[in-house]
Amino acid sequence: MTKVHVLVPIMLFASSVIMAFAWLGHIRFRSWGFPVALVVSWLLVLPEYILNVSAIRYGHGTYTGGEMASFNLCAGVLCVALVSQYFLKESLTRRQVAGFVLMAVAVVLVVGD
């Protein structure tokens, strides 16, 4: 296993954490006006996008586009759930947790080798 095998999924997960905060973080601060929430969200999206594109470019050749997309989609959904639960104090149901487990299985099946 090379450095790329480990670093790319970590980069994509970190990108998903930032994006989850860009999507949902402003909800916790309802007192902000919409323009402030929009600007703050976009300020988070720029480093997220740089990290995401860097991971995809760095990982291509070690991983296929489909493999990296599966990492990214699964991490994105998981991070939104974690931000919802821990930052917004929303609860996760057992059914949702089961769905996340199935998504993790799907990533293992897609990456496989």
# chains A, B, ... in the order shown; residues from 1 in each chain; ligands from 1
call {"tool": "residues_around", "arguments": {"residues": "Val111 (chain A)", "least_positions_apart": "2", "cutoff": "12 Å", "atoms": "only C-alpha atoms", "output": "ChimeraX atom specification"}}
result
/A:5,9,62-71,104-109,113
call {"tool": "write_last_selection", "arguments": {"atoms": "all heavy atoms", "output": "CSV table (one decimal), in the first residue's frame"}}
result
chain,number,residue,atom,x,y,z
A,5,HIS,N,-2.6,5.6,-1.6
A,5,HIS,CA,-3.7,4.7,-1.2
A,5,HIS,C,-4.4,5.2,0.1
A,5,HIS,O,-5.6,5.1,0.4
A,5,HIS,CB,-3.3,3.3,-1.0
A,5,HIS,CG,-3.1,2.5,-2.2
A,5,HIS,ND1,-1.9,2.4,-2.8
A,5,HIS,CD2,-4.0,1.9,-3.0
A,5,HIS,CE1,-2.0,1.7,-3.9
A,5,HIS,NE2,-3.3,1.4,-4.1
A,9,PRO,N,-8.1,9.0,0.2
A,9,PRO,CA,-9.3,8.9,1.0
A,9,PRO,C,-9.4,9.9,2.2
A,9,PRO,O,-10.4,10.4,2.4
A,9,PRO,CB,-9.3,7.4,1.5
A,9,PRO,CG,-8.5,6.7,0.5
A,9,PRO,CD,-7.4,7.7,0.1
A,62,THR,N,-4.0,5.7,-9.4
A,62,THR,CA,-4.0,4.7,-8.3
A,62,THR,C,-5.4,4.2,-8.1
A,62,THR,O,-5.7,3.0,-7.9
A,62,THR,CB,-3.5,5.3,-7.0
A,62,THR,OG1,-2.1,5.7,-7.2
A,62,THR,CG2,-3.5,4.3,-5.8
A,63,TYR,N,-6.4,5.2,-8.1
A,63,TYR,CA,-7.8,4.9,-8.1
A,63,TYR,C,-8.4,5.3,-9.4
A,63,TYR,O,-8.0,6.3,-10.0
A,63,TYR,CB,-8.5,5.7,-6.9
A,63,TYR,CG,-8.0,5.2,-5.5
A,63,TYR,CD1,-7.2,6.0,-4.8
A,63,TYR,CD2,-8.4,4.0,-5.0
A,63,TYR,CE1,-6.8,5.7,-3.5
A,63,TYR,CE2,-8.0,3.6,-3.7
A,63,TYR,CZ,-7.2,4.5,-3.0
A,63,TYR,OH,-6.8,4.1,-1.7
A,64,THR,N,-9.5,4.7,-9.7
A,64,THR,CA,-10.3,5.2,-10.9
A,64,THR,C,-11.2,6.3,-10.5
A,64,THR,O,-11.4,6.6,-9.3
A,64,THR,CB,-11.2,4.0,-11.5
A,64,THR,OG1,-12.2,3.7,-10.5
A,64,THR,CG2,-10.3,2.8,-11.8
A,65,GLY,N,-11.7,7.0,-11.5
A,65,GLY,CA,-12.7,8.1,-11.2
A,65,GLY,C,-13.9,7.6,-10.4
A,65,GLY,O,-14.3,8.2,-9.4
A,66,GLY,N,-14.4,6.4,-10.7
A,66,GLY,CA,-15.5,5.8,-10.0
A,66,GLY,C,-15.2,5.4,-8.6
A,66,GLY,O,-16.0,5.6,-7.7
A,67,GLU,N,-14.0,4.9,-8.4
A,67,GLU,CA,-13.6,4.6,-7.0
A,67,GLU,C,-13.5,5.9,-6.1
A,67,GLU,O,-14.0,5.9,-5.0
A,67,GLU,CB,-12.3,3.9,-7.0
A,67,GLU,CG,-12.4,2.5,-7.5
A,67,GLU,CD,-11.0,1.8,-7.8
A,67,GLU,OE1,-10.0,2.6,-7.9
A,67,GLU,OE2,-10.9,0.6,-7.8
A,68,MET,N,-12.9,6.9,-6.7
A,68,MET,CA,-12.8,8.2,-5.9
A,68,MET,C,-14.2,8.8,-5.7
A,68,MET,O,-14.5,9.4,-4.7
A,68,MET,CB,-11.8,9.1,-6.6
A,68,MET,CG,-10.4,8.6,-6.5
A,68,MET,SD,-9.2,9.8,-7.1
A,68,MET,CE,-9.4,9.6,-8.8
A,69,ALA,N,-15.1,8.7,-6.7
A,69,ALA,CA,-16.4,9.2,-6.6
A,69,ALA,C,-17.2,8.5,-5.5
A,69,ALA,O,-17.9,9.1,-4.7
A,69,ALA,CB,-17.2,9.1,-7.9
A,70,SER,N,-16.9,7.2,-5.4
A,70,SER,CA,-17.6,6.4,-4.3
A,70,SER,C,-17.1,6.8,-2.9
A,70,SER,O,-17.9,7.0,-2.0
A,70,SER,CB,-17.5,4.9,-4.5
A,70,SER,OG,-16.1,4.5,-4.3
A,71,PHE,N,-15.8,7.1,-2.8
A,71,PHE,CA,-15.3,7.6,-1.5
A,71,PHE,C,-15.9,8.9,-1.2
A,71,PHE,O,-16.4,9.1,-0.1
A,71,PHE,CB,-13.8,7.9,-1.6
A,71,PHE,CG,-12.8,6.7,-1.7
A,71,PHE,CD1,-11.7,6.8,-2.5
A,71,PHE,CD2,-13.1,5.6,-1.0
A,71,PHE,CE1,-10.8,5.7,-2.6
A,71,PHE,CE2,-12.2,4.5,-1.1
A,71,PHE,CZ,-11.0,4.6,-1.9
A,104,ALA,N,-20.9,2.1,3.3
A,104,ALA,CA,-19.5,1.7,3.5
A,104,ALA,C,-19.2,0.4,2.8
A,104,ALA,O,-18.2,0.2,2.2
A,104,ALA,CB,-19.2,1.6,5.0
A,105,VAL,N,-20.2,-0.5,2.9
A,105,VAL,CA,-20.0,-1.8,2.2
A,105,VAL,C,-20.0,-1.6,0.7
A,105,VAL,O,-19.2,-2.2,0.0
A,105,VAL,CB,-21.2,-2.8,2.5
A,105,VAL,CG1,-21.2,-4.0,1.6
A,105,VAL,CG2,-21.1,-3.2,4.0
A,106,ALA,N,-20.8,-0.7,0.2
A,106,ALA,CA,-20.8,-0.4,-1.2
A,106,ALA,C,-19.4,0.2,-1.7
A,106,ALA,O,-18.9,-0.2,-2.7
A,106,ALA,CB,-21.9,0.7,-1.6
A,107,VAL,N,-18.8,1.0,-0.9
A,107,VAL,CA,-17.5,1.5,-1.2
A,107,VAL,C,-16.5,0.4,-1.3
A,107,VAL,O,-15.6,0.3,-2.2
A,107,VAL,CB,-17.0,2.6,-0.2
A,107,VAL,CG1,-15.5,3.0,-0.4
A,107,VAL,CG2,-17.9,3.9,-0.3
A,108,VAL,N,-16.5,-0.5,-0.3
A,108,VAL,CA,-15.6,-1.7,-0.3
A,108,VAL,C,-15.8,-2.5,-1.6
A,108,VAL,O,-14.8,-2.9,-2.2
A,108,VAL,CB,-15.8,-2.5,1.0
A,108,VAL,CG1,-15.1,-3.8,0.9
A,108,VAL,CG2,-15.4,-1.7,2.2
A,109,LEU,N,-17.1,-2.7,-2.0
A,109,LEU,CA,-17.4,-3.4,-3.2
A,109,LEU,C,-16.8,-2.7,-4.5
A,109,LEU,O,-16.3,-3.3,-5.4
A,109,LEU,CB,-18.8,-3.7,-3.3
A,109,LEU,CG,-19.4,-4.7,-2.3
A,109,LEU,CD1,-20.9,-4.8,-2.4
A,109,LEU,CD2,-18.8,-6.1,-2.5
A,113,ASP,N,-10.4,-4.3,-5.1
A,113,ASP,CA,-9.1,-4.9,-5.2
A,113,ASP,C,-8.2,-4.4,-4.2
A,113,ASP,O,-7.3,-3.8,-4.1
A,113,ASP,CB,-8.6,-4.7,-6.6
A,113,ASP,CG,-9.5,-5.4,-7.6
A,113,ASP,OD1,-10.1,-6.3,-7.3
A,113,ASP,OD2,-9.5,-4.9,-8.8
call {"tool": "closest_residue", "arguments": {"among": "A:Ala98, A:Val39, A:Ile50, A:Val77", "to": "Val17 (chain A)", "atoms": "only C-alpha atoms"}}
result
A:Val77
call {"tool": "closest_residue", "arguments": {"among": "A:Gly59, A:Leu24, A:Val36, A:Pro47", "to": "Gln85 (chain A)", "atoms": "only C-alpha atoms"}}
result
A:Leu24
call {"tool": "select_by_dssp", "arguments": {"residues": "chain A", "states": "helix (DSSP H, G or I)", "output": "VMD selection string"}}
result
chain A and resid 3 to 28 34 to 59 65 to 87 94 to 111
call {"tool": "residues_around", "arguments": {"residues": "Trp42 (chain A)", "least_positions_apart": "5", "cutoff": "12 Å", "atoms": "only C-alpha atoms", "output": "ChimeraX atom specification"}}
result
/A:18-19,21-23,25-26,35-37,47-49
call {"tool": "decode", "arguments": {"residues": "region 62-107 of chain A", "atoms": "N, CA and C atoms", "output": "PDB file, in the first residue's frame"}}
result
ATOM      1  N   THR A  62      -3.979   5.653  -9.357  1.00  0.00           N
ATOM      2  CA  THR A  62      -4.012   4.681  -8.264  1.00  0.00           C
ATOM      3  C   THR A  62      -5.442   4.210  -8.085  1.00  0.00           C
ATOM      4  N   TYR A  63      -6.369   5.166  -8.127  1.00  0.00           N
ATOM      5  CA  TYR A  63      -7.800   4.884  -8.068  1.00  0.00           C
ATOM      6  C   TYR A  63      -8.437   5.343  -9.372  1.00  0.00           C
ATOM      7  N   THR A  64      -9.525   4.712  -9.739  1.00  0.00           N
ATOM      8  CA  THR A  64     -10.280   5.170 -10.901  1.00  0.00           C
ATOM      9  C   THR A  64     -11.192   6.324 -10.478  1.00  0.00           C
ATOM     10  N   GLY A  65     -11.729   7.007 -11.454  1.00  0.00           N
ATOM     11  CA  GLY A  65     -12.682   8.072 -11.159  1.00  0.00           C
ATOM     12  C   GLY A  65     -13.882   7.554 -10.376  1.00  0.00           C
ATOM     13  N   GLY A  66     -14.368   6.378 -10.739  1.00  0.00           N
ATOM     14  CA  GLY A  66     -15.510   5.787 -10.042  1.00  0.00           C
ATOM     15  C   GLY A  66     -15.199   5.434  -8.598  1.00  0.00           C
ATOM     16  N   GLU A  67     -14.000   4.935  -8.358  1.00  0.00           N
ATOM     17  CA  GLU A  67     -13.605   4.614  -6.987  1.00  0.00           C
ATOM     18  C   GLU A  67     -13.531   5.871  -6.131  1.00  0.00           C
ATOM     19  N   MET A  68     -12.924   6.917  -6.689  1.00  0.00           N
ATOM     20  CA  MET A  68     -12.818   8.158  -5.925  1.00  0.00           C
ATOM     21  C   MET A  68     -14.189   8.801  -5.729  1.00  0.00           C
ATOM     22  N   ALA A  69     -15.050   8.677  -6.732  1.00  0.00           N
ATOM     23  CA  ALA A  69     -16.407   9.206  -6.580  1.00  0.00           C
ATOM     24  C   ALA A  69     -17.151   8.461  -5.478  1.00  0.00           C
ATOM     25  N   SER A  70     -16.937   7.156  -5.367  1.00  0.00           N
ATOM     26  CA  SER A  70     -17.615   6.398  -4.306  1.00  0.00           C
ATOM     27  C   SER A  70     -17.107   6.820  -2.929  1.00  0.00           C
ATOM     28  N   PHE A  71     -15.789   7.050  -2.792  1.00  0.00           N
ATOM     29  CA  PHE A  71     -15.252   7.581  -1.527  1.00  0.00           C
ATOM     30  C   PHE A  71     -15.929   8.911  -1.198  1.00  0.00           C
ATOM     31  N   ASN A  72     -15.945   9.775  -2.197  1.00  0.00           N
ATOM     32  CA  ASN A  72     -16.429  11.129  -2.011  1.00  0.00           C
ATOM     33  C   ASN A  72     -17.913  11.159  -1.640  1.00  0.00           C
ATOM     34  N   LEU A  73     -18.730  10.393  -2.337  1.00  0.00           N
ATOM     35  CA  LEU A  73     -20.168  10.389  -2.060  1.00  0.00           C
ATOM     36  C   LEU A  73     -20.477   9.798  -0.692  1.00  0.00           C
ATOM     37  N   CYS A  74     -19.828   8.707  -0.370  1.00  0.00           N
ATOM     38  CA  CYS A  74     -20.052   8.076   0.930  1.00  0.00           C
ATOM     39  C   CYS A  74     -19.574   8.988   2.058  1.00  0.00           C
ATOM     40  N   ALA A  75     -18.399   9.556   1.899  1.00  0.00           N
ATOM     41  CA  ALA A  75     -17.877  10.470   2.923  1.00  0.00           C
ATOM     42  C   ALA A  75     -18.768  11.694   3.054  1.00  0.00           C
ATOM     43  N   GLY A  76     -19.278  12.201   1.937  1.00  0.00           N
ATOM     44  CA  GLY A  76     -20.156  13.365   1.973  1.00  0.00           C
ATOM     45  C   GLY A  76     -21.415  13.118   2.771  1.00  0.00           C
ATOM     46  N   VAL A  77     -22.062  11.999   2.527  1.00  0.00           N
ATOM     47  CA  VAL A  77     -23.286  11.672   3.257  1.00  0.00           C
ATOM     48  C   VAL A  77     -22.984  11.427   4.730  1.00  0.00           C
ATOM     49  N   LEU A  78     -21.919  10.710   5.008  1.00  0.00           N
ATOM     50  CA  LEU A  78     -21.536  10.446   6.394  1.00  0.00           C
ATOM     51  C   LEU A  78     -21.219  11.746   7.138  1.00  0.00           C
ATOM     52  N   CYS A  79     -20.480  12.639   6.503  1.00  0.00           N
ATOM     53  CA  CYS A  79     -20.119  13.900   7.156  1.00  0.00           C
ATOM     54  C   CYS A  79     -21.338  14.789   7.388  1.00  0.00           C
ATOM     55  N   VAL A  80     -22.269  14.813   6.458  1.00  0.00           N
ATOM     56  CA  VAL A  80     -23.507  15.570   6.670  1.00  0.00           C
ATOM     57  C   VAL A  80     -24.252  15.003   7.874  1.00  0.00           C
ATOM     58  N   ALA A  81     -24.302  13.687   7.994  1.00  0.00           N
ATOM     59  CA  ALA A  81     -24.973  13.064   9.139  1.00  0.00           C
ATOM     60  C   ALA A  81     -24.262  13.417  10.442  1.00  0.00           C
ATOM     61  N   LEU A  82     -22.924  13.380  10.437  1.00  0.00           N
ATOM     62  CA  LEU A  82     -22.170  13.696  11.651  1.00  0.00           C
ATOM     63  C   LEU A  82     -22.319  15.166  12.053  1.00  0.00           C
ATOM     64  N   VAL A  83     -22.263  16.059  11.076  1.00  0.00           N
ATOM     65  CA  VAL A  83     -22.458  17.479  11.373  1.00  0.00           C
ATOM     66  C   VAL A  83     -23.881  17.706  11.886  1.00  0.00           C
ATOM     67  N   SER A  84     -24.849  17.041  11.278  1.00  0.00           N
ATOM     68  CA  SER A  84     -26.239  17.161  11.738  1.00  0.00           C
ATOM     69  C   SER A  84     -26.372  16.697  13.183  1.00  0.00           C
ATOM     70  N   GLN A  85     -25.754  15.577  13.503  1.00  0.00           N
ATOM     71  CA  GLN A  85     -25.900  15.028  14.842  1.00  0.00           C
ATOM     72  C   GLN A  85     -25.116  15.815  15.885  1.00  0.00           C
ATOM     73  N   TYR A  86     -23.848  16.066  15.630  1.00  0.00           N
ATOM     74  CA  TYR A  86     -22.994  16.643  16.668  1.00  0.00           C
ATOM     75  C   TYR A  86     -22.967  18.166  16.689  1.00  0.00           C
ATOM     76  N   PHE A  87     -23.161  18.804  15.565  1.00  0.00           N
ATOM     77  CA  PHE A  87     -23.106  20.261  15.515  1.00  0.00           C
ATOM     78  C   PHE A  87     -24.496  20.881  15.615  1.00  0.00           C
ATOM     79  N   LEU A  88     -25.469  20.254  14.926  1.00  0.00           N
ATOM     80  CA  LEU A  88     -26.839  20.772  14.969  1.00  0.00           C
ATOM     81  C   LEU A  88     -27.695  20.083  16.024  1.00  0.00           C
ATOM     82  N   LYS A  89     -27.135  19.050  16.667  1.00  0.00           N
ATOM     83  CA  LYS A  89     -27.820  18.313  17.739  1.00  0.00           C
ATOM     84  C   LYS A  89     -29.083  17.591  17.247  1.00  0.00           C
ATOM     85  N   GLU A  90     -29.051  17.118  16.011  1.00  0.00           N
ATOM     86  CA  GLU A  90     -30.141  16.304  15.479  1.00  0.00           C
ATOM     87  C   GLU A  90     -29.814  14.841  15.751  1.00  0.00           C
ATOM     88  N   SER A  91     -30.827  14.002  15.798  1.00  0.00           N
ATOM     89  CA  SER A  91     -30.578  12.589  16.108  1.00  0.00           C
ATOM     90  C   SER A  91     -30.544  11.755  14.832  1.00  0.00           C
ATOM     91  N   LEU A  92     -29.800  10.643  14.917  1.00  0.00           N
ATOM     92  CA  LEU A  92     -29.750   9.655  13.842  1.00  0.00           C
ATOM     93  C   LEU A  92     -30.583   8.454  14.269  1.00  0.00           C
ATOM     94  N   THR A  93     -31.317   7.919  13.336  1.00  0.00           N
ATOM     95  CA  THR A  93     -32.109   6.721  13.641  1.00  0.00           C
ATOM     96  C   THR A  93     -31.276   5.478  13.344  1.00  0.00           C
ATOM     97  N   ARG A  94     -31.723   4.360  13.863  1.00  0.00           N
ATOM     98  CA  ARG A  94     -31.033   3.087  13.566  1.00  0.00           C
ATOM     99  C   ARG A  94     -31.070   2.794  12.072  1.00  0.00           C
ATOM    100  N   ARG A  95     -32.169   3.141  11.460  1.00  0.00           N
ATOM    101  CA  ARG A  95     -32.306   2.906  10.016  1.00  0.00           C
ATOM    102  C   ARG A  95     -31.274   3.720   9.232  1.00  0.00           C
ATOM    103  N   GLN A  96     -31.051   4.978   9.646  1.00  0.00           N
ATOM    104  CA  GLN A  96     -30.039   5.802   8.984  1.00  0.00           C
ATOM    105  C   GLN A  96     -28.642   5.220   9.193  1.00  0.00           C
ATOM    106  N   VAL A  97     -28.351   4.793  10.406  1.00  0.00           N
ATOM    107  CA  VAL A  97     -27.053   4.181  10.687  1.00  0.00           C
ATOM    108  C   VAL A  97     -26.863   2.932   9.824  1.00  0.00           C
ATOM    109  N   ALA A  98     -27.907   2.126   9.691  1.00  0.00           N
ATOM    110  CA  ALA A  98     -27.830   0.936   8.832  1.00  0.00           C
ATOM    111  C   ALA A  98     -27.549   1.336   7.383  1.00  0.00           C
ATOM    112  N   GLY A  99     -28.158   2.413   6.942  1.00  0.00           N
ATOM    113  CA  GLY A  99     -27.902   2.910   5.591  1.00  0.00           C
ATOM    114  C   GLY A  99     -26.451   3.321   5.398  1.00  0.00           C
ATOM    115  N   PHE A 100     -25.867   3.959   6.412  1.00  0.00           N
ATOM    116  CA  PHE A 100     -24.463   4.359   6.324  1.00  0.00           C
ATOM    117  C   PHE A 100     -23.557   3.137   6.282  1.00  0.00           C
ATOM    118  N   VAL A 101     -23.900   2.109   7.035  1.00  0.00           N
ATOM    119  CA  VAL A 101     -23.123   0.868   7.004  1.00  0.00           C
ATOM    120  C   VAL A 101     -23.186   0.253   5.600  1.00  0.00           C
ATOM    121  N   LEU A 102     -24.375   0.270   5.008  1.00  0.00           N
ATOM    122  CA  LEU A 102     -24.512  -0.268   3.653  1.00  0.00           C
ATOM    123  C   LEU A 102     -23.715   0.552   2.634  1.00  0.00           C
ATOM    124  N   MET A 103     -23.660   1.859   2.835  1.00  0.00           N
ATOM    125  CA  MET A 103     -22.843   2.690   1.939  1.00  0.00           C
ATOM    126  C   MET A 103     -21.368   2.341   2.070  1.00  0.00           C
ATOM    127  N   ALA A 104     -20.923   2.099   3.283  1.00  0.00           N
ATOM    128  CA  ALA A 104     -19.523   1.702   3.498  1.00  0.00           C
ATOM    129  C   ALA A 104     -19.243   0.371   2.813  1.00  0.00           C
ATOM    130  N   VAL A 105     -20.188  -0.549   2.885  1.00  0.00           N
ATOM    131  CA  VAL A 105     -20.043  -1.831   2.179  1.00  0.00           C
ATOM    132  C   VAL A 105     -19.971  -1.588   0.681  1.00  0.00           C
ATOM    133  N   ALA A 106     -20.785  -0.668   0.184  1.00  0.00           N
ATOM    134  CA  ALA A 106     -20.769  -0.350  -1.250  1.00  0.00           C
ATOM    135  C   ALA A 106     -19.403   0.178  -1.680  1.00  0.00           C
ATOM    136  N   VAL A 107     -18.794   1.031  -0.874  1.00  0.00           N
ATOM    137  CA  VAL A 107     -17.464   1.544  -1.216  1.00  0.00           C
ATOM    138  C   VAL A 107     -16.458   0.411  -1.267  1.00  0.00           C
TER     139      VAL A 107
END
